[in-house]
$ cat upload37.cif   # mmCIF, C-alpha atoms
data_data
#
loop_
_atom_site.group_PDB
_atom_site.id
_atom_site.type_symbol
_atom_site.label_atom_id
_atom_site.label_comp_id
_atom_site.auth_asym_id
_atom_site.auth_seq_id
_atom_site.Cartn_x
_atom_site.Cartn_y
_atom_site.Cartn_z
ATOM 1 C CA MET A 1 117.608 84.506 95.457
ATOM 2 C CA HIS A 2 116.639 87.313 93.121
ATOM 3 C CA ILE A 3 112.857 87.109 92.588
ATOM 4 C CA SER A 4 111.103 89.311 90.012
ATOM 5 C CA PHE A 5 107.329 89.808 89.710
ATOM 6 C CA LEU A 6 105.772 91.095 86.475
ATOM 7 C CA LEU A 7 102.594 93.073 87.235
ATOM 8 C CA HIS A 8 100.117 94.878 84.964
ATOM 9 C CA ASN A 9 99.917 98.083 87.032
ATOM 10 C CA GLY A 10 101.541 98.171 90.441
ATOM 11 C CA TYR A 11 100.331 101.729 91.000
ATOM 12 C CA ALA A 12 96.609 100.897 90.884
ATOM 13 C CA ILE A 13 94.056 99.481 93.321
ATOM 14 C CA GLY A 14 93.281 95.799 92.910
ATOM 15 C CA GLY A 15 93.348 92.413 94.557
ATOM 16 C CA THR A 16 96.207 91.150 92.393
ATOM 17 C CA VAL A 17 98.281 94.205 93.299
ATOM 18 C CA ARG A 18 97.536 93.767 96.989
ATOM 19 C CA THR A 19 98.356 90.062 97.161
ATOM 20 C CA THR A 20 101.486 90.503 95.013
ATOM 21 C CA TYR A 21 102.789 93.106 97.440
ATOM 22 C CA ASN A 22 101.875 90.906 100.415
ATOM 23 C CA LEU A 23 103.923 88.049 98.975
ATOM 24 C CA ALA A 24 106.787 90.277 97.799
ATOM 25 C CA ARG A 25 107.036 91.928 101.221
ATOM 26 C CA CYS A 26 107.338 88.543 102.938
ATOM 27 C CA LEU A 27 109.862 87.156 100.440
ATOM 28 C CA ALA A 28 111.963 90.331 100.759
ATOM 29 C CA GLU A 29 112.751 89.367 104.359
ATOM 30 C CA HIS A 30 115.090 86.699 102.957
ATOM 31 C CA HIS A 31 115.575 87.450 99.247
ATOM 32 C CA ASP A 32 116.242 90.215 96.727
ATOM 33 C CA VAL A 33 112.760 91.064 95.416
ATOM 34 C CA GLU A 34 111.560 93.421 92.700
ATOM 35 C CA VAL A 35 108.162 94.184 91.194
ATOM 36 C CA VAL A 36 108.225 95.281 87.560
ATOM 37 C CA SER A 37 105.034 97.135 86.662
ATOM 38 C CA VAL A 38 104.260 97.273 82.955
ATOM 39 C CA PHE A 39 102.412 100.566 83.427
ATOM 40 C CA ARG A 40 102.832 103.493 85.782
ATOM 41 C CA THR A 41 99.682 105.581 86.093
ATOM 42 C CA ARG A 42 100.401 107.788 89.120
ATOM 43 C CA GLU A 43 103.238 109.310 91.091
ATOM 44 C CA ARG A 44 103.054 106.885 94.008
ATOM 45 C CA PRO A 45 101.537 103.397 94.268
ATOM 46 C CA VAL A 46 98.259 103.220 96.176
ATOM 47 C CA PHE A 47 99.535 100.244 98.182
ATOM 48 C CA ASP A 48 102.947 100.153 99.853
ATOM 49 C CA PRO A 49 105.066 97.366 98.282
ATOM 50 C CA GLY A 50 106.907 97.065 101.563
ATOM 51 C CA PRO A 51 110.442 97.674 102.783
ATOM 52 C CA GLY A 52 113.077 95.988 100.711
ATOM 53 C CA VAL A 53 110.841 95.565 97.639
ATOM 54 C CA LYS A 54 112.065 97.455 94.574
ATOM 55 C CA LEU A 55 109.306 98.821 92.320
ATOM 56 C CA ARG A 56 110.011 99.957 88.770
ATOM 57 C CA HIS A 57 107.986 100.395 85.592
ATOM 58 C CA LEU A 58 108.327 99.906 81.848
ATOM 59 C CA VAL A 59 105.776 102.405 80.431
ATOM 60 C CA ASP A 60 104.941 105.720 82.110
ATOM 61 C CA THR A 61 101.404 106.820 81.183
ATOM 62 C CA ARG A 62 101.119 109.729 83.610
ATOM 63 C CA GLY A 63 99.624 112.682 81.753
ATOM 64 C CA VAL A 64 99.317 110.710 78.511
ATOM 65 C CA ARG A 65 96.093 111.597 76.672
ATOM 66 C CA SER A 66 96.409 109.289 73.664
ATOM 67 C CA PRO A 67 98.522 106.285 72.543
ATOM 68 C CA GLU A 68 100.250 108.525 69.991
ATOM 69 C CA SER A 69 101.797 110.468 72.859
ATOM 70 C CA LEU A 70 103.996 107.462 73.596
ATOM 71 C CA GLY A 71 105.154 107.160 70.002
ATOM 72 C CA THR A 72 104.082 105.321 66.866
ATOM 73 C CA GLU A 73 105.081 101.959 68.315
ATOM 74 C CA HIS A 74 102.351 102.233 70.949
ATOM 75 C CA THR A 75 99.698 102.623 68.231
ATOM 76 C CA LEU A 76 100.575 99.235 66.727
ATOM 77 C CA PRO A 77 98.827 96.107 68.058
ATOM 78 C CA ALA A 78 100.515 93.726 70.471
ATOM 79 C CA ARG A 79 101.444 90.345 69.019
ATOM 80 C CA VAL A 80 102.827 88.573 72.088
ATOM 81 C CA PHE A 81 100.260 89.715 74.658
ATOM 82 C CA PRO A 82 97.148 87.692 73.687
ATOM 83 C CA ALA A 83 94.092 89.454 72.276
ATOM 84 C CA ALA A 84 91.889 87.139 74.381
ATOM 85 C CA ASP A 85 93.169 88.707 77.615
ATOM 86 C CA GLY A 86 90.797 91.438 78.799
ATOM 87 C CA LYS A 87 93.626 93.965 79.185
ATOM 88 C CA TYR A 88 94.664 93.624 75.537
ATOM 89 C CA PRO A 89 93.524 97.136 74.444
ATOM 90 C CA MET A 90 96.154 98.639 76.753
ATOM 91 C CA TYR A 91 99.014 96.638 75.236
ATOM 92 C CA SER A 92 100.895 97.307 72.013
ATOM 93 C CA ALA A 93 104.015 96.646 69.991
ATOM 94 C CA LEU A 94 105.772 98.956 72.466
ATOM 95 C CA THR A 95 104.824 96.844 75.483
ATOM 96 C CA ASP A 96 105.726 93.664 73.566
ATOM 97 C CA ARG A 97 109.213 95.023 72.991
ATOM 98 C CA LEU A 98 109.800 96.439 76.477
ATOM 99 C CA ILE A 99 108.520 93.349 78.266
ATOM 100 C CA GLY A 100 110.601 91.175 75.939
ATOM 101 C CA GLU A 101 113.720 93.209 76.596
ATOM 102 C CA HIS A 102 113.151 92.971 80.337
ATOM 103 C CA LEU A 103 112.585 89.202 80.340
ATOM 104 C CA GLY A 104 115.382 88.593 77.879
ATOM 105 C CA SER A 105 117.951 90.343 80.046
ATOM 106 C CA THR A 106 116.703 89.783 83.613
ATOM 107 C CA GLU A 107 119.229 88.477 86.124
ATOM 108 C CA ALA A 108 116.465 87.056 88.330
ATOM 109 C CA ASP A 109 116.538 83.458 89.534
ATOM 110 C CA VAL A 110 112.737 83.321 89.512
ATOM 111 C CA VAL A 111 110.304 85.344 87.381
ATOM 112 C CA ILE A 112 106.616 85.395 88.315
ATOM 113 C CA GLY A 113 103.761 86.507 86.051
ATOM 114 C CA THR A 114 100.498 87.678 87.592
ATOM 115 C CA ARG A 115 97.868 87.397 84.824
ATOM 116 C CA PRO A 116 97.374 85.225 81.712
ATOM 117 C CA GLY A 117 98.745 87.728 79.204
ATOM 118 C CA LEU A 118 101.890 88.328 81.233
ATOM 119 C CA ASN A 119 102.326 84.592 81.806
ATOM 120 C CA ILE A 120 102.382 84.233 78.013
ATOM 121 C CA HIS A 121 105.221 86.764 77.887
ATOM 122 C CA LEU A 122 107.088 84.762 80.555
ATOM 123 C CA ALA A 123 106.635 81.538 78.626
ATOM 124 C CA ARG A 124 107.776 82.957 75.300
ATOM 125 C CA GLN A 125 110.330 85.645 76.102
ATOM 126 C CA THR A 126 112.203 84.784 79.317
ATOM 127 C CA ARG A 127 115.857 83.966 78.721
ATOM 128 C CA ARG A 128 117.140 80.506 79.571
ATOM 129 C CA GLY A 129 117.938 80.076 83.233
ATOM 130 C CA PRO A 130 115.279 81.618 85.495
ATOM 131 C CA VAL A 131 112.448 79.514 86.892
ATOM 132 C CA ARG A 132 109.218 80.682 85.210
ATOM 133 C CA VAL A 133 106.147 80.769 87.458
ATOM 134 C CA GLY A 134 102.722 81.820 86.205
ATOM 135 C CA GLN A 135 100.136 82.952 88.731
ATOM 136 C CA GLU A 136 96.390 82.718 88.074
ATOM 137 C CA HIS A 137 94.259 85.073 90.166
ATOM 138 C CA LEU A 138 90.944 84.284 88.461
ATOM 139 C CA THR A 139 89.603 80.815 87.635
ATOM 140 C CA LEU A 140 89.928 78.758 84.485
ATOM 141 C CA ALA A 141 86.135 78.656 84.140
ATOM 142 C CA LEU A 142 86.048 82.440 83.712
ATOM 143 C CA HIS A 143 88.428 82.400 80.738
ATOM 144 C CA SER A 144 87.031 82.345 77.209
ATOM 145 C CA ARG A 145 87.561 79.296 75.018
ATOM 146 C CA ARG A 146 89.846 81.425 72.853
ATOM 147 C CA LEU A 147 92.076 82.303 75.809
ATOM 148 C CA LYS A 148 92.167 78.691 77.021
ATOM 149 C CA LEU A 149 93.497 77.596 73.623
ATOM 150 C CA VAL A 150 96.265 80.206 73.802
ATOM 151 C CA LEU A 151 97.193 79.128 77.338
ATOM 152 C CA ARG A 152 97.256 75.463 76.357
ATOM 153 C CA ARG A 153 99.830 76.224 73.644
ATOM 154 C CA ALA A 154 102.060 78.514 75.709
ATOM 155 C CA TYR A 155 101.885 77.277 79.298
ATOM 156 C CA PRO A 156 103.926 74.066 78.710
ATOM 157 C CA GLN A 157 106.951 76.389 78.576
ATOM 158 C CA LEU A 158 106.372 77.437 82.201
ATOM 159 C CA ASP A 159 108.010 75.589 85.090
ATOM 160 C CA ALA A 160 105.084 76.052 87.466
ATOM 161 C CA LEU A 161 101.581 77.486 87.643
ATOM 162 C CA THR A 162 99.760 78.534 90.805
ATOM 163 C CA THR A 163 96.037 78.970 91.397
ATOM 164 C CA VAL A 164 94.283 80.358 94.468
ATOM 165 C CA THR A 165 92.148 77.254 95.090
ATOM 166 C CA GLU A 166 92.652 73.492 94.981
ATOM 167 C CA ALA A 167 89.566 73.145 92.784
ATOM 168 C CA ASP A 168 91.032 75.433 90.143
ATOM 169 C CA ALA A 169 94.385 73.637 90.247
ATOM 170 C CA ALA A 170 92.490 70.410 89.535
ATOM 171 C CA ASP A 171 90.730 72.088 86.581
ATOM 172 C CA TYR A 172 94.063 73.172 85.094
ATOM 173 C CA ARG A 173 95.531 69.689 85.448
ATOM 174 C CA ARG A 174 92.461 68.026 83.927
ATOM 175 C CA LEU A 175 91.516 70.452 81.150
ATOM 176 C CA LEU A 176 94.771 72.040 79.967
ATOM 177 C CA ARG A 177 96.999 68.973 80.301
ATOM 178 C CA LEU A 178 100.360 70.679 80.876
ATOM 179 C CA PRO A 179 103.051 67.950 80.951
ATOM 180 C CA GLY A 180 106.081 68.875 83.003
ATOM 181 C CA VAL A 181 104.436 71.942 84.563
ATOM 182 C CA ARG A 182 103.984 71.812 88.326
ATOM 183 C CA ILE A 183 100.483 73.062 89.214
ATOM 184 C CA ASP A 184 99.816 73.971 92.833
ATOM 185 C CA ALA A 185 97.205 75.905 94.773
ATOM 186 C CA VAL A 186 98.723 78.807 96.703
ATOM 187 C CA PRO A 187 95.984 80.802 98.473
ATOM 188 C CA ASN A 188 96.316 84.570 98.617
ATOM 189 C CA SER A 189 98.420 85.555 101.608
ATOM 190 C CA VAL A 190 96.881 87.780 104.282
ATOM 191 C CA PRO A 191 99.048 89.683 106.777
ATOM 192 C CA GLU A 192 98.203 89.217 110.435
ATOM 193 C CA PRO A 193 95.432 91.748 111.183
ATOM 194 C CA GLY A 194 95.985 94.497 113.717
ATOM 195 C CA VAL A 195 92.505 94.103 115.176
ATOM 196 C CA THR A 196 90.806 91.341 117.124
ATOM 197 C CA PRO A 197 88.547 88.950 115.170
ATOM 198 C CA ALA A 198 84.835 89.687 115.100
ATOM 199 C CA ASP A 199 82.843 87.727 117.654
ATOM 200 C CA GLY A 200 79.657 87.623 115.557
ATOM 201 C CA ASN A 201 77.594 89.661 117.993
ATOM 202 C CA SER A 202 77.140 92.558 115.563
ATOM 203 C CA LYS A 203 75.282 90.319 113.088
ATOM 204 C CA TRP A 204 76.762 92.074 110.041
ATOM 205 C CA VAL A 205 78.507 90.452 107.086
ATOM 206 C CA VAL A 206 80.790 92.710 104.985
ATOM 207 C CA ALA A 207 82.096 92.073 101.463
ATOM 208 C CA ALA A 208 84.323 94.397 99.435
ATOM 209 C CA GLY A 209 85.479 94.479 95.815
ATOM 210 C CA ARG A 210 84.575 95.769 92.382
ATOM 211 C CA LEU A 211 81.055 94.944 91.258
ATOM 212 C CA ALA A 212 82.035 92.763 88.307
ATOM 213 C CA PRO A 213 80.799 89.352 87.074
ATOM 214 C CA ALA A 214 84.017 87.632 88.186
ATOM 215 C CA LYS A 215 83.289 88.493 91.823
ATOM 216 C CA ARG A 216 79.936 86.628 91.772
ATOM 217 C CA TYR A 217 78.117 89.012 94.100
ATOM 218 C CA ASP A 218 74.894 87.715 92.574
ATOM 219 C CA LEU A 219 75.713 84.352 94.156
ATOM 220 C CA LEU A 220 76.410 86.047 97.488
ATOM 221 C CA VAL A 221 73.069 87.884 97.424
ATOM 222 C CA ARG A 222 71.147 84.685 96.596
ATOM 223 C CA ALA A 223 72.999 82.840 99.368
ATOM 224 C CA PHE A 224 72.177 85.585 101.822
ATOM 225 C CA ALA A 225 68.489 85.184 101.025
ATOM 226 C CA LYS A 226 68.800 81.702 102.560
ATOM 227 C CA VAL A 227 70.563 83.197 105.584
ATOM 228 C CA VAL A 228 67.789 85.754 106.102
ATOM 229 C CA ALA A 229 65.152 83.022 105.913
ATOM 230 C CA GLU A 230 66.636 81.489 109.084
ATOM 231 C CA ARG A 231 68.366 84.499 110.649
ATOM 232 C CA PRO A 232 66.278 87.593 109.785
ATOM 233 C CA ASP A 233 68.280 89.807 112.182
ATOM 234 C CA TRP A 234 71.486 89.519 110.087
ATOM 235 C CA ARG A 235 72.506 92.132 107.468
ATOM 236 C CA LEU A 236 74.953 92.276 104.547
ATOM 237 C CA ARG A 237 76.949 95.294 103.368
ATOM 238 C CA ILE A 238 78.676 95.190 99.971
ATOM 239 C CA TYR A 239 81.339 97.827 99.344
ATOM 240 C CA GLY A 240 82.523 98.624 95.814
ATOM 241 C CA GLY A 241 81.496 100.111 92.497
ATOM 242 C CA GLY A 242 81.108 98.725 88.994
ATOM 243 C CA ARG A 243 78.818 97.865 86.126
ATOM 244 C CA GLU A 244 77.030 95.081 88.019
ATOM 245 C CA ARG A 245 75.469 97.535 90.487
ATOM 246 C CA PRO A 246 72.113 97.998 88.640
ATOM 247 C CA GLY A 247 71.692 94.241 88.243
ATOM 248 C CA LEU A 248 72.514 93.611 91.898
ATOM 249 C CA ARG A 249 70.115 96.347 92.960
ATOM 250 C CA ALA A 250 67.352 94.682 90.922
ATOM 251 C CA LEU A 251 68.201 91.252 92.369
ATOM 252 C CA ILE A 252 68.060 92.586 95.924
ATOM 253 C CA ASP A 253 64.617 94.054 95.249
ATOM 254 C CA GLU A 254 63.437 90.897 93.488
ATOM 255 C CA LEU A 255 64.373 88.751 96.498
ATOM 256 C CA GLY A 256 62.857 91.222 98.966
ATOM 257 C CA LEU A 257 66.215 91.864 100.638
ATOM 258 C CA TYR A 258 66.118 95.676 100.585
ATOM 259 C CA ASN A 259 66.144 95.753 104.411
ATOM 260 C CA HIS A 260 68.948 93.200 104.651
ATOM 261 C CA VAL A 261 71.449 93.771 101.803
ATOM 262 C CA PHE A 262 72.982 97.218 101.269
ATOM 263 C CA LEU A 263 75.162 98.451 98.385
ATOM 264 C CA MET A 264 77.507 100.872 100.129
ATOM 265 C CA GLY A 265 79.436 102.264 97.129
ATOM 266 C CA PRO A 266 83.224 102.313 96.678
#

$ encode --input "upload37.cif" --output "C-alpha cells"
Amino acid sequence: MHISFLLHNGYAIGGTVRTTYNLARCLAEHHDVEVVSVFRTRERPVFDPGPGVKLRHLVDTRGVRSPESLGTEHTLPARVFPAADGKYPMYSALTDRLIGEHLGSTEADVVIGTRPGLNIHLARQTRRGPVRVGQEHLTLALHSRRLKLVLRRAYPQLDALTTVTEADAADYRRLLRLPGVRIDAVPNSVPEPGVTPADGNSKWVVAAGRLAPAKRYDLLVRAFAKVVAERPDWRLRIYGGGRERPGLRALIDELGLYNHVFLMGP
C-alpha cells in the first residue's frame, strides 16, 4: 500500500515526530510510505525518518523572518485548520490551500493525520478513495470545549481514530459519539532498545519531555513524594525545559523533595 502521514513539522523535536517516524519506519519494510510535513524549519530533520521513508514539505520557513516573506496569502487567517488547535497561529490561508491541494490529489491508499487540526483537514479535504485515519497524541480531556465541538462535527467523516490509551479511546466513544468511525487504542511504538534493561539497583527514576501542563510532571512529583516516604534512598531526575519549570521548582520545595527530585534542564 501507499501510506501517507501528515505531520505539523517533521524537522523538529517532539514526541509526535518521534513516534510517527517509528511507525513509518516499520511500515516502510512492507509498504510505500511518505511523511508530508506542513512546515520545514531546518535543513535536516532532527530525527531520522528511516530508510525507505520519503519526507517532503509543503511550506519552507527556513530563514523566514515574518509571514509576509511567504506572500500575502500567508498573512490571511486559516479557515480549515481550527482556531481552537494550539498551533493555529502558525497556519494561514496558504497552508489551507497547500494542504487541501495535497489531500485532494494524493494517490495514497491510507492518509494519517497526527494532530486535531490536521485531522480536520483529512476529514474535510481528502479526495474520495483513501482510508482516512486520525491520530490523537494527547487526550480528549486536555482539549478545550471549543475544540471538542469542532471535532464532533468533523470527525464523523474519518474512517478511524486512534488514541494512545484504552481509557482515552473509551472517552472518545462515550463523549464524541462518532457513528461509523472505528476508534482504537494504538500505543506509541518503541523500537527495541540497544541496551539491557535497568535492574533497579541504581535507585534512580528518569523522566524526559518538555515541561508543559500536558505532561503532568506535577502529578509525577506528588507521586514521588509518596515513594520517598517509603523509599527515601530513591531519586528522580526530570530532563526538559519549559514554562512549568518555576512551578515545579516551587512544588519540589513545598514538598521537601529538594534532595530527591532534580530538574536537569533540556

$ resolve_selection --input "upload37.cif" --expression "the PyMOL selection byres ((chain A and resi 59) around 6)" --output "compact mmCIF listing (two decimals) with C-alpha atoms, keeping the file's coordinate frame"
# COMPACT_ATOMS: atom_id res chain seq x y z
CA VAL A 38 104.26 97.27 82.96
CA PHE A 39 102.41 100.57 83.43
CA HIS A 57 107.99 100.40 85.59
CA LEU A 58 108.33 99.91 81.85
CA ASP A 60 104.94 105.72 82.11

$ resolve_selection --input "upload37.cif" --expression "the PyMOL selection byres ((chain A and resi 250-264) around 10)" --output "short mmCIF file (atom, residue, chain, number, x, y, z; two decimals) with C-alpha atoms, keeping the file's coordinate frame"
data_model
loop_
_atom_site.label_atom_id
_atom_site.label_comp_id
_atom_site.auth_asym_id
_atom_site.auth_seq_id
_atom_site.Cartn_x
_atom_site.Cartn_y
_atom_site.Cartn_z
CA TRP A 204 76.76 92.07 110.04
CA VAL A 205 78.51 90.45 107.09
CA VAL A 206 80.79 92.71 104.98
CA ALA A 207 82.10 92.07 101.46
CA ALA A 208 84.32 94.40 99.44
CA LEU A 211 81.06 94.94 91.26
CA ASP A 218 74.89 87.72 92.57
CA VAL A 221 73.07 87.88 97.42
CA ARG A 222 71.15 84.68 96.60
CA PHE A 224 72.18 85.58 101.82
CA ALA A 225 68.49 85.18 101.02
CA VAL A 228 67.79 85.75 106.10
CA PRO A 232 66.28 87.59 109.78
CA ASP A 233 68.28 89.81 112.18
CA TRP A 234 71.49 89.52 110.09
CA ARG A 235 72.51 92.13 107.47
CA LEU A 236 74.95 92.28 104.55
CA ARG A 237 76.95 95.29 103.37
CA ILE A 238 78.68 95.19 99.97
CA TYR A 239 81.34 97.83 99.34
CA GLY A 240 82.52 98.62 95.81
CA GLY A 241 81.50 100.11 92.50
CA ARG A 245 75.47 97.54 90.49
CA PRO A 246 72.11 98.00 88.64
CA GLY A 247 71.69 94.24 88.24
CA LEU A 248 72.51 93.61 91.90
CA ARG A 249 70.11 96.35 92.96
CA GLY A 265 79.44 102.26 97.13
CA PRO A 266 83.22 102.31 96.68
#

$ atom_distance --input "upload37.cif" --atom1 "CA of Ile112 in chain A" --atom2 "CA of Gly194 in chain A"
29.0 Å

$ resolve_selection --input "upload37.cif" --expression "the PyMOL selection byres ((chain A and resi 30) around 12)" --output "PyMOL selection string"
chain A and resi 1-3+23-29+31-33+51-53

$ residues_near_point --input "upload37.cif" --point "(108.2, 87.6, 84.1)" --cutoff "12 Å" --atoms "all atoms listed in the file" --output "PyMOL selection string"
chain A and resi 3-8+34-38+98-127+130-135+158
